[in-house]
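Enquirer: For reference, the structure I am asking about is given below.
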Amino acid sequence: MKKNLNPLTYLERTDKWYLGGGNRLIWAPPFPVWLEYPGFWDKAHYYNREIEPVFTWTILDDTGNEIPLQGGGRHWDPSKLVTGYEICDAGDAPGGRTMQGSRFKIQETKCCMQDGALASVVRMSNKSNSSIKLHLIAWTVQQNYPSGKKTWIENINVQQDNISFKKYLQPHHADAPILPVICSIGLDQKITSYSINLSEGFMLQPHWKLTPFFEKFRNRRLQNECKLSGVSDDGLIYMALHTSIELQAKSDKALTAYFRVAPSGGEFKKVKMPLRDGVNSVTNVEKRWRGYFSSVPYFACTDEYFTRYYWYRWYGLKLNTINVRENNYQYPFVCEGIGYFRAPISYSAMCHIMENRWQKTAAPAQGTLLTFLSNQRKDGGFRGYIDMDFYRQEMFYHANWGKSLIELHRIHPDKQFLKQAYKGLEKYVQYFDRERDAEESGLYDIDNHYETGQEYMHRYLAVHPNADRDNWGDVFRLKGVDVTVYMYELKKALSIAAGILGKRKVEEQWRRGAEKIKNDMVEKMWDAKEEMFFDVNPETGKRTTVKAATCFYPYMTDIVTAAHVPGFKRHLLSSKEFWTTYPVPSSSVDDAYYHAEAEWKGKRMNCPWNGRVWPMTNSHIAEALAQTAIRCNDHELRATCAEFITKFIRMMYFDGDQTRPNCFEHYNPKTGQPSIYRGVDDYQHSWVVDLIMKYVAGLRVYDNNIIVDPFPFEIESFILDKVYVRGKTLRVERKGKEFSVSIGGKTIARSKVGQPLALDSL
């Protein structure tokens, strides 16, 4: 077991490239083409808007000939991407005769700055006995369409160390507005010359010979010209900054090229670029990441898969965090993922609350809920997807807001936040009772297969043959097991919140409302013969009998009793249904529409739920196993839960390689292969840190006490330290079968696996 590990270096690897963490800008191109080239040519995202290309840089010798570079290997950690470059074959390169690769080395360090800049720190090493004169050109090309067909730019200004311009970013959604931003490409020192040129053409590649500058660099400089009009004003705008370099014998020199994006208002002028010392800029990014990792509980154990994935998940949460105040975004939140998913999305929001509640500060977890509360619809529903400057009227997702609210409050009690959350969630329940259960059945409607976040499943076709059509319009009604569980959890949570807030009368009303849902689920959704909960067709009142992983969601709650456990085991643990090599598939193996390779009706889909293993579903199933094991004191289920979480986490590694964790949208239940074809890694659509905290380490926080009760995982030892709960610091350490608990640095109790400890002092 690694002790005192540094997460930043611990997560180092050679096959990743994502850079970001906490601001509007991120560089995480899903299908990069130019990773081996200098700079950031593959697309970046500002919020969820694409910027492509970004920029590159080229080095020329003193005669103006390009020194051709070839990437010689990459090295990544969450703070930076380091690439070494080798000089290509000198015999084939123009001017290459003047350079000898063995005596001239270049290394580039890429990082994403906190204030919205992508920085490329270029370190040049001269190993020879003679000085070398060089020229570095930082350049970009931007498409210009004044007619508004795509993107366009204006207000280009040249300053002593950068070229700035206004750029209009196009949204994914056709009805959303364009977004004006201020961009700049710059160097961390005064420039020698520049050039801005309009050109025909559509070849957006980082090749020096394709640029106008290839012919315009004369007499050791560019022409200091700005040509933005011609026979027509549309086309490509090339922009370049040049600086001259004299590299002394046996010396190194570093300089920084950057591309910065900021809001088009006054913020751009206020923020000063801390790039006068590029090396120091990288150090600041590293420091920021180290500070972040030190703000979360420390965990290490003898199972390398658990240890690395724990820290990898914290990296993913930070990577996808946006913490700014602009338009619809006034609180910190975690995006569901990169690219299109770079926005607050309600289906995954509960996952982010569940995990971020373990941070020392409550702000990241609270901010997720507050983002949806502050953008709540007039009818009380939550928006499914919140753009920074736009509302997608059609989108809605069901989510378990109640469970995440109470779990957060147990660690970070905050009556003011609870009061604010209560008000909005009360309206949310009123919407559901009014619109999703008008007949007061105690069961709640799904109106569209997209709004569950689980499209393309047999469960919807059971009530309408066209339920899988590709739109958000109302197509069918289905009383869903999952959404009804969510409403049960929410009414229970509001009952608890009402009690804390002194609302005694409504506390009982909420309790009775939850009890009604519980009774109605058991009566109408539980099939005693099949021993399974099923969705209900509201038109007929009959259960659909379609077996989906969502049928197990009641086992996360106290809806079930010991009488329901045999059916749970019968179906979940059957290899002919859900216990595949990598469990669990979203639909049963014996389902008529089941497909392991992501095909729905013969077509491979982006988001199929008819048999793929989704980390989101697995998070729920892990909770179902754990909570049922605890509630029913079932030692078999405890062992099964430990086995399941182990398989779940190990699935999310490339080829079982302990150094290469991942998190894709879905996986093959037979092979464990991820949906690489989607290009979306580090997808925050599940909770794993929370599972490790509660079941591997065994630390579970309740209303009136804390239980420390590690499940029987096959590990020799672990350390969980610096856990902040209700203002106190906890530590749990396991050695063999024994474990100890400390508060404030003092050991207060010891026990063995299988013998829970109850801590009443908190």
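Letters A, B, ... mark the chains of the structure tokens in the order given; residue numbers begin at 1 per chain; ligand numbers begin at 1, in order shown.
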Need to verify the contact set: Ala240 (chain A), 8 Å, only C-alpha atoms, exclusion of same-chain residues closer than 5 positions in sequence. Can you return it as a PyMOL selection string?
Expert: chain A and resi 137-140+194-196+213
Enquirer: Using only C-alpha atoms, please write the residues we just selected to a file, as an mmCIF file, in the first residue's frame.
Expert:
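Once everything was written out, this is result_7.cif:
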data_model
loop_
_atom_site.group_PDB
_atom_site.id
_atom_site.type_symbol
_atom_site.label_atom_id
_atom_site.label_comp_id
_atom_site.auth_asym_id
_atom_site.auth_seq_id
_atom_site.Cartn_x
_atom_site.Cartn_y
_atom_site.Cartn_z
ATOM 1 C CA ILE A 137 6.198 31.960 -34.534
ATOM 2 C CA ALA A 138 2.981 31.466 -32.575
ATOM 3 C CA TRP A 139 0.085 31.361 -35.004
ATOM 4 C CA THR A 140 -3.537 30.459 -35.527
ATOM 5 C CA TYR A 194 3.555 40.025 -36.699
ATOM 6 C CA SER A 195 1.297 39.320 -39.649
ATOM 7 C CA ILE A 196 -2.473 39.014 -40.147
ATOM 8 C CA PHE A 213 3.683 33.353 -43.460
#
Enquirer: Could you go through region 563-683 of chain A and tell me which residues DSSP, when run on the backbone, assigns to strand (DSSP E), listing them as a compact mmCIF listing (two decimals) with N, CA and C atoms, in the first residue's frame?
Expert:
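Result written to part.txt:
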# COMPACT_ATOMS: atom_id res chain seq x y z
N GLU A 599 -26.14 -2.30 -30.05
CA GLU A 599 -27.05 -2.18 -31.19
C GLU A 599 -28.50 -2.16 -30.71
N TRP A 600 -29.26 -1.28 -31.32
CA TRP A 600 -30.70 -1.22 -31.07
C TRP A 600 -31.41 -1.36 -32.41
N LYS A 603 -28.90 -1.23 -35.32
CA LYS A 603 -28.03 -0.07 -35.50
C LYS A 603 -27.27 0.22 -34.22
N ARG A 604 -25.94 0.37 -34.33
CA ARG A 604 -25.18 0.76 -33.15
C ARG A 604 -25.55 2.18 -32.79
Enquirer: Per DSSP on the backbone, what are the helix (DSSP H, G or I) residues of region 349-530 of chain A, as a PyMOL selection string?
Expert: chain A and resi 349-356+363-373+401-411+415-436+458-461+481-500+504-524
Enquirer: I'd like to know which of A:Asn219, A:Gln359, A:Thr368, A:Asn126 is closest to Ser251 (chain A), using only C-alpha atoms.
Expert: A:Asn126
Enquirer: Please, what distance in Å, to one decimal, runs between CA of Thr83 (chain A) and CA of Ile106 (chain A)?
Expert: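 We find that CA of Thr83 (chain A) and CA of Ile106 (chain A) lie 8.7 Å from each other.
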Enquirer: Give the answer as one residue: which of A:Pro7, A:Ile630, A:Trp27, A:Asp590 has the shortest atom-to-atom distance to Ser574 (chain A), using only C-alpha atoms?
Expert: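 With only C-alpha atoms as the atom set, the closest residue is A:Asp590.
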Enquirer: Residues at most 8 Å from Arg49 (chain A), counting only C-alpha atoms, excluding those fewer than 5 positions away in the same chain, as a list in words?
Expert: Leu169, Gln170, Pro171, His172 and Gly339 of chain A
